[in-house]
Number of protein chains: 2
Amino acid sequence: MSHMRYRRLMAVDRDHVLRSAAALLTRKSTATMDEVAKAAGISRATLHRQFAGRDALVRALEALGIAECETALAAARTDEGPATDAVRRLVAEIEPHAGLLAFLYSENQLFEGEEQNEGWARIDESVAALFRRGQSSGEFRIDLTPAWLTEALYGLLASAAWAVAEGRVAPKDFTHMIVELLLGGVRRPEEPAARKES
Amino acid sequence: MSHMRYRRLMAVDRDHVLRSAAALLTRKSTATMDEVAKAAGISRATLHRQFAGRDALVRALEALGIAECETALAAARTDEGPATDAVRRLVAEIEPHAGLLAFLYSENQLFEGEEQNEGWARIDESVAALFRRGQSSGEFRIDLTPAWLTEALYGLLASAAWAVAEGRVAPKDFTHMIVELLLGGVRRPEEPAARKES
DNA sequence: CATCAGTGAGACAAGTATGTCTCACATGCG
DNA sequence: CGCATGTGAGACATACTTGTCTCACTGATG
């Protein structure tokens with residue numbers, strides 16, 4: 001079959017290049033096309049044959065990140081069961097891609113005026129909907145807006161990804177740290193028979 | 001006095017340039033030396049006369065950020081009173097400089113290998129000490145490490161600064177949002193006579 | 001074996017930011 | 001007024017990245 005032959009000749013598959021680029025750019029967001037190519041084990045020429053330019057590469061990574069987020073959202077079934085548990089599932093699903101998301105998150109800060117990909121808007125809305133659902137059900141407090149909670153979740157994910165990358169926290173604690181801080185905060189839960197001053 | 005005359009001739013004072021650069025780079029972290037100069041109302045030549053190069057400028061901004069953090073830490077008296085209140089004071093003191101800190105925070109992600117300024121180490125230690133104190137006093141939970149709580153605080157500060165800059169949240173809520181989420185989390189405090197399923 | 005698609009290596013031009021320099025202008029001082 | 005200092009404007013060389021191109025090599029196909 002012609003497409004099988006084609007596949008075999010394409011020793012460099014697009015997905016592997018994207019993964020390598022994501023892993024590299026997570027650590028060094030200013031890496032050049034040459035560094036990206038070397039990280040993927042291909043030449044700069046081949047890299048340019050697959051992605052028209054750096055912009056195209058970044059946009060492909062953005063599409064990858066969006067796809068992974070949507071997969072994570074679906075897998076976490078954020079509209080089922082207690083919102084608290086849904087948040088736990090969501091963070092656990094996103095964890096493997098936190099590095100890429102941190103890169104894209106900081107990258108988006110550079111695009112001052114340009115409108116962001118609509119995919120992010122959908123994801124923002126899904127996450128915000130989860131927090132809104134938790135507020136409606138009475139699980140979550142209502143004095144923090146869903147928009148802020150969504151931003152805070154992104155910030156915590158990025159912080160955790162960087163902290164893990166630099167060895168300041170243990171990778172195994174990733175999900176627990178984020179979820180526990182986001183859900184319960186740093187304040188210790190009051191004992192049933194504890195003192196009452198606020 | 002000779003130094004007075006000197007002052008008057010130095011129509012461009014270093015501090016004003018730094019503030020302008022901080023304000024600009026907060027919004028556009030890739031701004032050119034020329035853009036920085038224009039933002040400060042001076043020429044690129046004069047900018048280069050005050051700061052040997054872009055690196056020197058960024059390092060000066062880093063020193064400024066460190067100084068402001070140390071001032072904030074001192075003003076917040078983080079070693080006095082309940083740790084909870086100290087956190088509130090600290091965030092309130094840092095709020096005006098959150099934009100600059102967000103820039104420096106993301107900038108530090110680029111310096112892969114280079115060791116970071118020792119000033120940050122001191123600040124990290126002071127913040128971590130605050131969280132440790134709260135844990136010792138029983139105010140804060142002990143299953144989240146002070147190192148992670150410190151990182152999380154930085155992440156929330158950066159997230160909030162960006163969210164405010166892009167108009168996704170109201171500036172007036174800045175301190176409240178960060179402090180409340182950090183301290184209490186998103187979960188609603190349980191009522192004294194509420195149901196018990198986890 | 002002959003062919004051809006895909007790749008790697010490298011040359012090349014173009015764009016951009018940087019750092020340095022010169023020169024003219026303005027302002028305060030003696 | 002004459003002088004010195006600090007500044008703005010711009011030219012200039014340099015370095016780096018990008019994007020395009022050519023050419024030789026490899027391996028699978030027919």
# chains A, B, ... in the order shown; residues from 1 in each chain; ligands from 1

call {"tool": "select_by_dssp", "arguments": {"residues": "range 42-187 of chain B", "states": "helix (DSSP H, G or I)", "output": "VMD selection string"}}
result
chain B and resid 44 to 50 54 to 76 83 to 108 118 to 136 146 to 165 171 to 184

call {"tool": "residues_around", "arguments": {"residues": "Leu18 in chain A", "least_positions_apart": "5", "cutoff": "10 Å", "atoms": "only C-alpha atoms (C1' of nucleotides)", "output": "PDB file with N, CA and C atoms, in the first residue's frame"}}
result
ATOM      1  N   ASP A  13       8.611  11.023  12.565  1.00  0.00           N
ATOM      2  CA  ASP A  13       7.179  11.250  12.668  1.00  0.00           C
ATOM      3  C   ASP A  13       6.907  12.518  13.467  1.00  0.00           C
ATOM      4  N   ALA A  23       9.264  18.858  25.406  1.00  0.00           N
ATOM      5  CA  ALA A  23      10.136  18.561  26.544  1.00  0.00           C
ATOM      6  C   ALA A  23      11.266  19.587  26.639  1.00  0.00           C
ATOM      7  N   LEU A  24      11.818  19.965  25.486  1.00  0.00           N
ATOM      8  CA  LEU A  24      12.925  20.930  25.505  1.00  0.00           C
ATOM      9  C   LEU A  24      12.444  22.320  25.888  1.00  0.00           C
ATOM     10  N   VAL A  36      15.971  22.664  18.920  1.00  0.00           N
ATOM     11  CA  VAL A  36      14.785  21.812  18.864  1.00  0.00           C
ATOM     12  C   VAL A  36      15.038  20.625  17.948  1.00  0.00           C
ATOM     13  N   ALA A  40      15.256  16.562  18.888  1.00  0.00           N
ATOM     14  CA  ALA A  40      14.389  15.553  18.278  1.00  0.00           C
ATOM     15  C   ALA A  40      15.204  14.553  17.464  1.00  0.00           C
ATOM     16  N   LEU A  57       5.576  25.866  14.577  1.00  0.00           N
ATOM     17  CA  LEU A  57       5.897  24.864  15.601  1.00  0.00           C
ATOM     18  C   LEU A  57       5.199  25.179  16.912  1.00  0.00           C
ATOM     19  N   VAL A  58       5.290  26.435  17.318  1.00  0.00           N
ATOM     20  CA  VAL A  58       4.652  26.819  18.574  1.00  0.00           C
ATOM     21  C   VAL A  58       3.144  26.631  18.484  1.00  0.00           C
ATOM     22  N   ALA A  60       1.623  24.505  16.648  1.00  0.00           N
ATOM     23  CA  ALA A  60       1.356  23.065  16.704  1.00  0.00           C
ATOM     24  C   ALA A  60       1.425  22.570  18.148  1.00  0.00           C
ATOM     25  N   LEU A  61       2.392  23.110  18.895  1.00  0.00           N
ATOM     26  CA  LEU A  61       2.484  22.731  20.302  1.00  0.00           C
ATOM     27  C   LEU A  61       1.257  23.207  21.064  1.00  0.00           C
ATOM     28  N   LEU A  64      -1.399  20.866  20.395  1.00  0.00           N
ATOM     29  CA  LEU A  64      -1.168  19.642  21.163  1.00  0.00           C
ATOM     30  C   LEU A  64      -1.603  19.828  22.608  1.00  0.00           C
TER      31      LEU A  64
END

call {"tool": "interface_residues", "arguments": {"of": "chain C", "to": "chain B", "cutoff": "8 Å", "atoms": "only C-alpha atoms (C1' of nucleotides)", "output": "ChimeraX atom specification"}}
result
/C:17,19,28

call {"tool": "calpha_fit_and_write", "arguments": {"fixed": "chain B", "moving": "chain A", "output": "PDB file with C-alpha atoms, in the first residue's frame"}}
result
ATOM      1  CA  MET A   1      27.623  72.048  45.884  1.00  0.00           C
ATOM      2  CA  SER A   2      29.053  69.956  43.121  1.00  0.00           C
ATOM      3  CA  HIS A   3      26.805  66.988  43.720  1.00  0.00           C
ATOM      4  CA  MET A   4      23.730  69.215  43.550  1.00  0.00           C
ATOM      5  CA  ARG A   5      24.811  70.495  40.166  1.00  0.00           C
ATOM      6  CA  TYR A   6      25.427  66.946  39.138  1.00  0.00           C
ATOM      7  CA  ARG A   7      21.937  65.967  40.208  1.00  0.00           C
ATOM      8  CA  ARG A   8      20.354  68.740  38.251  1.00  0.00           C
ATOM      9  CA  LEU A   9      22.188  67.819  35.096  1.00  0.00           C
ATOM     10  CA  MET A  10      21.179  64.194  35.461  1.00  0.00           C
ATOM     11  CA  ALA A  11      17.692  64.908  34.153  1.00  0.00           C
ATOM     12  CA  VAL A  12      17.344  61.177  33.718  1.00  0.00           C
ATOM     13  CA  ASP A  13      17.363  59.562  37.085  1.00  0.00           C
ATOM     14  CA  ARG A  14      18.120  55.907  37.279  1.00  0.00           C
ATOM     15  CA  ASP A  15      15.137  55.083  39.421  1.00  0.00           C
ATOM     16  CA  HIS A  16      12.614  56.497  36.977  1.00  0.00           C
ATOM     17  CA  VAL A  17      14.177  54.466  34.170  1.00  0.00           C
ATOM     18  CA  LEU A  18      13.958  51.327  36.264  1.00  0.00           C
ATOM     19  CA  ARG A  19      10.312  51.907  37.105  1.00  0.00           C
ATOM     20  CA  SER A  20       9.426  52.529  33.474  1.00  0.00           C
ATOM     21  CA  ALA A  21      11.335  49.466  32.363  1.00  0.00           C
ATOM     22  CA  ALA A  22       9.595  47.379  35.001  1.00  0.00           C
ATOM     23  CA  ALA A  23       6.185  48.623  33.905  1.00  0.00           C
ATOM     24  CA  LEU A  24       6.936  47.898  30.247  1.00  0.00           C
ATOM     25  CA  LEU A  25       8.601  44.537  30.705  1.00  0.00           C
ATOM     26  CA  THR A  26       5.726  43.466  32.908  1.00  0.00           C
ATOM     27  CA  ARG A  27       3.468  43.758  29.873  1.00  0.00           C
ATOM     28  CA  LYS A  28       5.965  42.787  27.176  1.00  0.00           C
ATOM     29  CA  SER A  29       8.836  40.757  28.512  1.00  0.00           C
ATOM     30  CA  THR A  30      10.646  40.739  25.144  1.00  0.00           C
ATOM     31  CA  ALA A  31      10.758  44.508  24.736  1.00  0.00           C
ATOM     32  CA  THR A  32      13.958  45.768  23.096  1.00  0.00           C
ATOM     33  CA  MET A  33      16.353  48.275  24.580  1.00  0.00           C
ATOM     34  CA  ASP A  34      14.913  50.825  22.196  1.00  0.00           C
ATOM     35  CA  GLU A  35      11.391  50.242  23.440  1.00  0.00           C
ATOM     36  CA  VAL A  36      12.561  50.419  27.029  1.00  0.00           C
ATOM     37  CA  ALA A  37      14.295  53.701  26.303  1.00  0.00           C
ATOM     38  CA  LYS A  38      11.243  55.188  24.617  1.00  0.00           C
ATOM     39  CA  ALA A  39       9.037  54.046  27.481  1.00  0.00           C
ATOM     40  CA  ALA A  40      11.315  55.897  29.877  1.00  0.00           C
ATOM     41  CA  GLY A  41      11.337  58.957  27.633  1.00  0.00           C
ATOM     42  CA  ILE A  42      15.055  58.815  26.937  1.00  0.00           C
ATOM     43  CA  SER A  43      17.217  57.772  24.009  1.00  0.00           C
ATOM     44  CA  ARG A  44      18.791  54.395  23.591  1.00  0.00           C
ATOM     45  CA  ALA A  45      22.216  56.001  23.933  1.00  0.00           C
ATOM     46  CA  THR A  46      21.391  57.388  27.355  1.00  0.00           C
ATOM     47  CA  LEU A  47      19.897  54.097  28.416  1.00  0.00           C
ATOM     48  CA  HIS A  48      23.138  52.386  27.511  1.00  0.00           C
ATOM     49  CA  ARG A  49      25.068  55.010  29.442  1.00  0.00           C
ATOM     50  CA  GLN A  50      23.184  54.073  32.596  1.00  0.00           C
ATOM     51  CA  PHE A  51      23.054  50.320  32.107  1.00  0.00           C
ATOM     52  CA  ALA A  52      25.928  48.634  30.353  1.00  0.00           C
ATOM     53  CA  GLY A  53      23.551  46.368  28.453  1.00  0.00           C
ATOM     54  CA  ARG A  54      20.359  44.451  28.589  1.00  0.00           C
ATOM     55  CA  ASP A  55      21.778  42.001  31.094  1.00  0.00           C
ATOM     56  CA  ALA A  56      22.771  44.830  33.378  1.00  0.00           C
ATOM     57  CA  LEU A  57      19.275  46.294  33.099  1.00  0.00           C
ATOM     58  CA  VAL A  58      17.603  43.019  33.931  1.00  0.00           C
ATOM     59  CA  ARG A  59      19.950  42.465  36.825  1.00  0.00           C
ATOM     60  CA  ALA A  60      19.204  45.946  38.094  1.00  0.00           C
ATOM     61  CA  LEU A  61      15.512  45.137  37.874  1.00  0.00           C
ATOM     62  CA  GLU A  62      16.186  41.941  39.748  1.00  0.00           C
ATOM     63  CA  ALA A  63      17.937  43.911  42.468  1.00  0.00           C
ATOM     64  CA  LEU A  64      14.979  46.275  42.568  1.00  0.00           C
ATOM     65  CA  GLY A  65      12.540  43.411  42.892  1.00  0.00           C
ATOM     66  CA  ILE A  66      14.610  41.856  45.637  1.00  0.00           C
ATOM     67  CA  ALA A  67      14.798  45.132  47.502  1.00  0.00           C
ATOM     68  CA  GLU A  68      11.058  45.619  47.234  1.00  0.00           C
ATOM     69  CA  CYS A  69      10.411  42.096  48.428  1.00  0.00           C
ATOM     70  CA  GLU A  70      12.664  42.597  51.408  1.00  0.00           C
ATOM     71  CA  THR A  71      10.966  45.875  52.191  1.00  0.00           C
ATOM     72  CA  ALA A  72       7.600  44.138  51.945  1.00  0.00           C
ATOM     73  CA  LEU A  73       8.785  41.332  54.193  1.00  0.00           C
ATOM     74  CA  ALA A  74       9.992  43.807  56.783  1.00  0.00           C
ATOM     75  CA  ALA A  75       6.844  45.919  56.593  1.00  0.00           C
ATOM     76  CA  ALA A  76       4.657  42.853  56.927  1.00  0.00           C
ATOM     77  CA  ARG A  77       6.444  41.852  60.150  1.00  0.00           C
ATOM     78  CA  THR A  78       6.128  38.225  59.162  1.00  0.00           C
ATOM     79  CA  ASP A  79       7.438  37.033  62.491  1.00  0.00           C
ATOM     80  CA  GLU A  80       4.782  38.771  64.559  1.00  0.00           C
ATOM     81  CA  GLY A  81       1.291  37.652  65.490  1.00  0.00           C
ATOM     82  CA  PRO A  82      -0.677  34.844  63.886  1.00  0.00           C
ATOM     83  CA  ALA A  83       0.917  33.486  60.716  1.00  0.00           C
ATOM     84  CA  THR A  84      -2.434  33.827  58.995  1.00  0.00           C
ATOM     85  CA  ASP A  85      -2.463  37.568  59.497  1.00  0.00           C
ATOM     86  CA  ALA A  86       1.180  37.789  58.549  1.00  0.00           C
ATOM     87  CA  VAL A  87       0.403  36.176  55.206  1.00  0.00           C
ATOM     88  CA  ARG A  88      -2.350  38.730  54.661  1.00  0.00           C
ATOM     89  CA  ARG A  89       0.005  41.589  55.404  1.00  0.00           C
ATOM     90  CA  LEU A  90       2.710  40.136  53.216  1.00  0.00           C
ATOM     91  CA  VAL A  91       0.492  39.760  50.154  1.00  0.00           C
ATOM     92  CA  ALA A  92      -0.885  43.251  50.675  1.00  0.00           C
ATOM     93  CA  GLU A  93       2.644  44.653  50.818  1.00  0.00           C
ATOM     94  CA  ILE A  94       3.805  42.766  47.749  1.00  0.00           C
ATOM     95  CA  GLU A  95       0.752  43.546  45.659  1.00  0.00           C
ATOM     96  CA  PRO A  96       2.065  46.807  44.159  1.00  0.00           C
ATOM     97  CA  HIS A  97       5.146  44.989  42.873  1.00  0.00           C
ATOM     98  CA  ALA A  98       3.472  41.833  41.664  1.00  0.00           C
ATOM     99  CA  GLY A  99       3.870  42.823  38.017  1.00  0.00           C
ATOM    100  CA  LEU A 100       7.625  43.185  38.302  1.00  0.00           C
ATOM    101  CA  LEU A 101       7.857  39.968  40.271  1.00  0.00           C
ATOM    102  CA  ALA A 102       5.867  38.123  37.630  1.00  0.00           C
ATOM    103  CA  PHE A 103       8.329  39.307  35.008  1.00  0.00           C
ATOM    104  CA  LEU A 104      11.322  38.283  37.077  1.00  0.00           C
ATOM    105  CA  TYR A 105       9.674  34.979  37.953  1.00  0.00           C
ATOM    106  CA  SER A 106       9.191  34.006  34.313  1.00  0.00           C
ATOM    107  CA  GLU A 107      12.580  35.448  33.438  1.00  0.00           C
ATOM    108  CA  ASN A 108      14.226  33.127  35.943  1.00  0.00           C
ATOM    109  CA  GLN A 109      12.770  30.149  34.124  1.00  0.00           C
ATOM    110  CA  LEU A 110      15.081  30.986  31.216  1.00  0.00           C
ATOM    111  CA  PHE A 111      18.285  30.890  33.218  1.00  0.00           C
ATOM    112  CA  GLU A 112      18.509  27.160  33.086  1.00  0.00           C
ATOM    113  CA  GLY A 113      21.844  26.407  34.615  1.00  0.00           C
ATOM    114  CA  GLU A 114      22.939  29.706  36.084  1.00  0.00           C
ATOM    115  CA  GLU A 115      22.647  29.964  39.807  1.00  0.00           C
ATOM    116  CA  GLN A 116      20.098  32.502  40.901  1.00  0.00           C
ATOM    117  CA  ASN A 117      20.817  35.624  42.829  1.00  0.00           C
ATOM    118  CA  GLU A 118      21.380  34.908  46.483  1.00  0.00           C
ATOM    119  CA  GLY A 119      18.875  37.606  47.335  1.00  0.00           C
ATOM    120  CA  TRP A 120      16.079  35.362  46.159  1.00  0.00           C
ATOM    121  CA  ALA A 121      17.382  32.584  48.348  1.00  0.00           C
ATOM    122  CA  ARG A 122      17.089  34.843  51.372  1.00  0.00           C
ATOM    123  CA  ILE A 123      13.571  35.851  50.416  1.00  0.00           C
ATOM    124  CA  ASP A 124      12.559  32.262  49.731  1.00  0.00           C
ATOM    125  CA  GLU A 125      13.857  31.371  53.145  1.00  0.00           C
ATOM    126  CA  SER A 126      11.943  34.172  54.841  1.00  0.00           C
ATOM    127  CA  VAL A 127       8.689  33.200  53.174  1.00  0.00           C
ATOM    128  CA  ALA A 128       9.247  29.536  53.860  1.00  0.00           C
ATOM    129  CA  ALA A 129       9.993  30.419  57.476  1.00  0.00           C
ATOM    130  CA  LEU A 130       6.634  32.125  57.718  1.00  0.00           C
ATOM    131  CA  PHE A 131       4.850  29.023  56.505  1.00  0.00           C
ATOM    132  CA  ARG A 132       6.941  26.864  58.804  1.00  0.00           C
ATOM    133  CA  ARG A 133       6.008  29.096  61.699  1.00  0.00           C
ATOM    134  CA  GLY A 134       2.339  28.711  60.842  1.00  0.00           C
ATOM    135  CA  GLN A 135       2.772  24.969  60.792  1.00  0.00           C
ATOM    136  CA  SER A 136       4.516  24.939  64.132  1.00  0.00           C
ATOM    137  CA  SER A 137       1.822  27.045  65.731  1.00  0.00           C
ATOM    138  CA  GLY A 138      -0.841  24.726  64.433  1.00  0.00           C
ATOM    139  CA  GLU A 139      -2.439  27.323  62.181  1.00  0.00           C
ATOM    140  CA  PHE A 140      -1.302  25.683  58.960  1.00  0.00           C
ATOM    141  CA  ARG A 141      -1.544  22.104  57.820  1.00  0.00           C
ATOM    142  CA  ILE A 142       1.682  20.164  57.750  1.00  0.00           C
ATOM    143  CA  ASP A 143       1.165  17.939  54.723  1.00  0.00           C
ATOM    144  CA  LEU A 144       2.249  20.710  52.329  1.00  0.00           C
ATOM    145  CA  THR A 145       5.936  21.581  52.437  1.00  0.00           C
ATOM    146  CA  PRO A 146       6.986  25.187  53.067  1.00  0.00           C
ATOM    147  CA  ALA A 147       8.995  25.055  49.823  1.00  0.00           C
ATOM    148  CA  TRP A 148       5.900  24.214  47.835  1.00  0.00           C
ATOM    149  CA  LEU A 149       3.810  26.817  49.618  1.00  0.00           C
ATOM    150  CA  THR A 150       6.430  29.401  48.762  1.00  0.00           C
ATOM    151  CA  GLU A 151       6.388  28.408  45.105  1.00  0.00           C
ATOM    152  CA  ALA A 152       2.615  28.380  45.101  1.00  0.00           C
ATOM    153  CA  LEU A 153       2.524  31.890  46.517  1.00  0.00           C
ATOM    154  CA  TYR A 154       4.785  33.105  43.717  1.00  0.00           C
ATOM    155  CA  GLY A 155       2.639  31.342  41.160  1.00  0.00           C
ATOM    156  CA  LEU A 156      -0.534  32.854  42.498  1.00  0.00           C
ATOM    157  CA  LEU A 157       1.032  36.302  42.554  1.00  0.00           C
ATOM    158  CA  ALA A 158       2.117  35.965  38.940  1.00  0.00           C
ATOM    159  CA  SER A 159      -1.231  34.557  37.856  1.00  0.00           C
ATOM    160  CA  ALA A 160      -3.091  37.338  39.572  1.00  0.00           C
ATOM    161  CA  ALA A 161      -0.817  40.000  38.114  1.00  0.00           C
ATOM    162  CA  TRP A 162      -1.360  38.682  34.587  1.00  0.00           C
ATOM    163  CA  ALA A 163      -5.075  38.180  35.090  1.00  0.00           C
ATOM    164  CA  VAL A 164      -5.400  41.752  36.293  1.00  0.00           C
ATOM    165  CA  ALA A 165      -3.239  43.056  33.439  1.00  0.00           C
ATOM    166  CA  GLU A 166      -5.489  41.345  30.918  1.00  0.00           C
ATOM    167  CA  GLY A 167      -8.630  42.522  32.615  1.00  0.00           C
ATOM    168  CA  ARG A 168      -9.862  39.097  33.584  1.00  0.00           C
ATOM    169  CA  VAL A 169     -10.150  40.040  37.230  1.00  0.00           C
ATOM    170  CA  ALA A 170     -10.635  43.336  39.029  1.00  0.00           C
ATOM    171  CA  PRO A 171      -7.497  44.982  40.464  1.00  0.00           C
ATOM    172  CA  LYS A 172      -9.283  45.784  43.721  1.00  0.00           C
ATOM    173  CA  ASP A 173      -9.776  42.088  44.417  1.00  0.00           C
ATOM    174  CA  PHE A 174      -6.087  41.280  44.014  1.00  0.00           C
ATOM    175  CA  THR A 175      -5.082  40.781  47.637  1.00  0.00           C
ATOM    176  CA  HIS A 176      -8.352  39.219  48.689  1.00  0.00           C
ATOM    177  CA  MET A 177      -8.317  36.639  45.919  1.00  0.00           C
ATOM    178  CA  ILE A 178      -4.780  35.509  46.557  1.00  0.00           C
ATOM    179  CA  VAL A 179      -4.981  35.468  50.321  1.00  0.00           C
ATOM    180  CA  GLU A 180      -8.328  33.759  50.519  1.00  0.00           C
ATOM    181  CA  LEU A 181      -7.425  31.071  48.045  1.00  0.00           C
ATOM    182  CA  LEU A 182      -4.030  30.480  49.585  1.00  0.00           C
ATOM    183  CA  LEU A 183      -5.307  30.364  53.133  1.00  0.00           C
ATOM    184  CA  GLY A 184      -8.706  28.786  52.830  1.00  0.00           C
ATOM    185  CA  GLY A 185      -8.766  27.097  49.461  1.00  0.00           C
ATOM    186  CA  VAL A 186     -11.770  26.845  47.247  1.00  0.00           C
ATOM    187  CA  ARG A 187     -13.654  24.396  49.395  1.00  0.00           C
ATOM    188  CA  ARG A 188     -16.409  25.916  51.416  1.00  0.00           C
ATOM    189  CA  PRO A 189     -15.856  25.779  55.176  1.00  0.00           C
ATOM    190  CA  GLU A 190     -18.083  23.178  56.708  1.00  0.00           C
ATOM    191  CA  GLU A 191     -20.973  24.371  58.812  1.00  0.00           C
ATOM    192  CA  PRO A 192     -20.755  23.460  62.501  1.00  0.00           C
ATOM    193  CA  ALA A 193     -23.767  21.148  62.093  1.00  0.00           C
ATOM    194  CA  ALA A 194     -23.180  19.992  58.555  1.00  0.00           C
ATOM    195  CA  ARG A 195     -22.972  16.513  57.096  1.00  0.00           C
ATOM    196  CA  LYS A 196     -19.804  14.593  57.721  1.00  0.00           C
ATOM    197  CA  GLU A 197     -18.768  12.632  54.643  1.00  0.00           C
ATOM    198  CA  SER A 198     -15.267  13.627  53.582  1.00  0.00           C
TER     199      SER A 198
END

call {"tool": "closest_atom_pairs", "arguments": {"of": "chain D", "to": "chain A", "cutoff": "8 Å", "atoms": "only C-alpha atoms (C1' of nucleotides)", "output": "JSON lines"}}
result
{"residue": "D:DT17", "atom": "C1'", "partner": "A:Thr32", "partner_atom": "CA", "distance": 7.4}
{"residue": "D:DG19", "atom": "C1'", "partner": "A:Gly53", "partner_atom": "CA", "distance": 7.6}
{"residue": "D:DA28", "atom": "C1'", "partner": "A:Leu9", "partner_atom": "CA", "distance": 8.0}

call {"tool": "write_last_selection", "arguments": {"atoms": "N, CA and C atoms (P, O5', C5', C4', C3', O3' and C1' of nucleotides)", "output": "PDB file, in the first residue's frame"}}
result
ATOM      1  P    DT D  17      21.197  32.057  18.600  1.00  0.00           P
ATOM      2  O5'  DT D  17      19.892  32.093  17.683  1.00  0.00           O
ATOM      3  C5'  DT D  17      18.888  33.076  17.929  1.00  0.00           C
ATOM      4  C4'  DT D  17      17.998  33.226  16.717  1.00  0.00           C
ATOM      5  C3'  DT D  17      17.532  31.906  16.094  1.00  0.00           C
ATOM      6  O3'  DT D  17      16.124  31.763  16.273  1.00  0.00           O
ATOM      7  C1'  DT D  17      18.238  33.476  14.426  1.00  0.00           C
ATOM      8  P    DG D  19      11.212  31.013  10.786  1.00  0.00           P
ATOM      9  O5'  DG D  19      11.504  30.916   9.216  1.00  0.00           O
ATOM     10  C5'  DG D  19      11.446  32.094   8.430  1.00  0.00           C
ATOM     11  C4'  DG D  19      12.109  31.871   7.092  1.00  0.00           C
ATOM     12  C3'  DG D  19      11.677  30.591   6.348  1.00  0.00           C
ATOM     13  O3'  DG D  19      11.173  30.939   5.070  1.00  0.00           O
ATOM     14  C1'  DG D  19      14.044  30.836   6.339  1.00  0.00           C
ATOM     15  P    DA D  28      15.653  -0.084   4.014  1.00  0.00           P
ATOM     16  O5'  DA D  28      14.285  -0.143   3.199  1.00  0.00           O
ATOM     17  C5'  DA D  28      13.337   0.907   3.360  1.00  0.00           C
ATOM     18  C4'  DA D  28      12.623   1.159   2.041  1.00  0.00           C
ATOM     19  C3'  DA D  28      12.049  -0.105   1.396  1.00  0.00           C
ATOM     20  O3'  DA D  28      10.694   0.104   1.046  1.00  0.00           O
ATOM     21  C1'  DA D  28      13.391   1.077  -0.165  1.00  0.00           C
TER      22       DA D  28
END

call {"tool": "atom_distance", "arguments": {"atom1": "C1' of DC23 in chain D", "atom2": "C1' of DA5 in chain C"}}
result
15.2 Å

call {"tool": "atom_distance", "arguments": {"atom1": "C1' of DT22 in chain D", "atom2": "C1' of DC1 in chain C"}}
result
26.9 Å
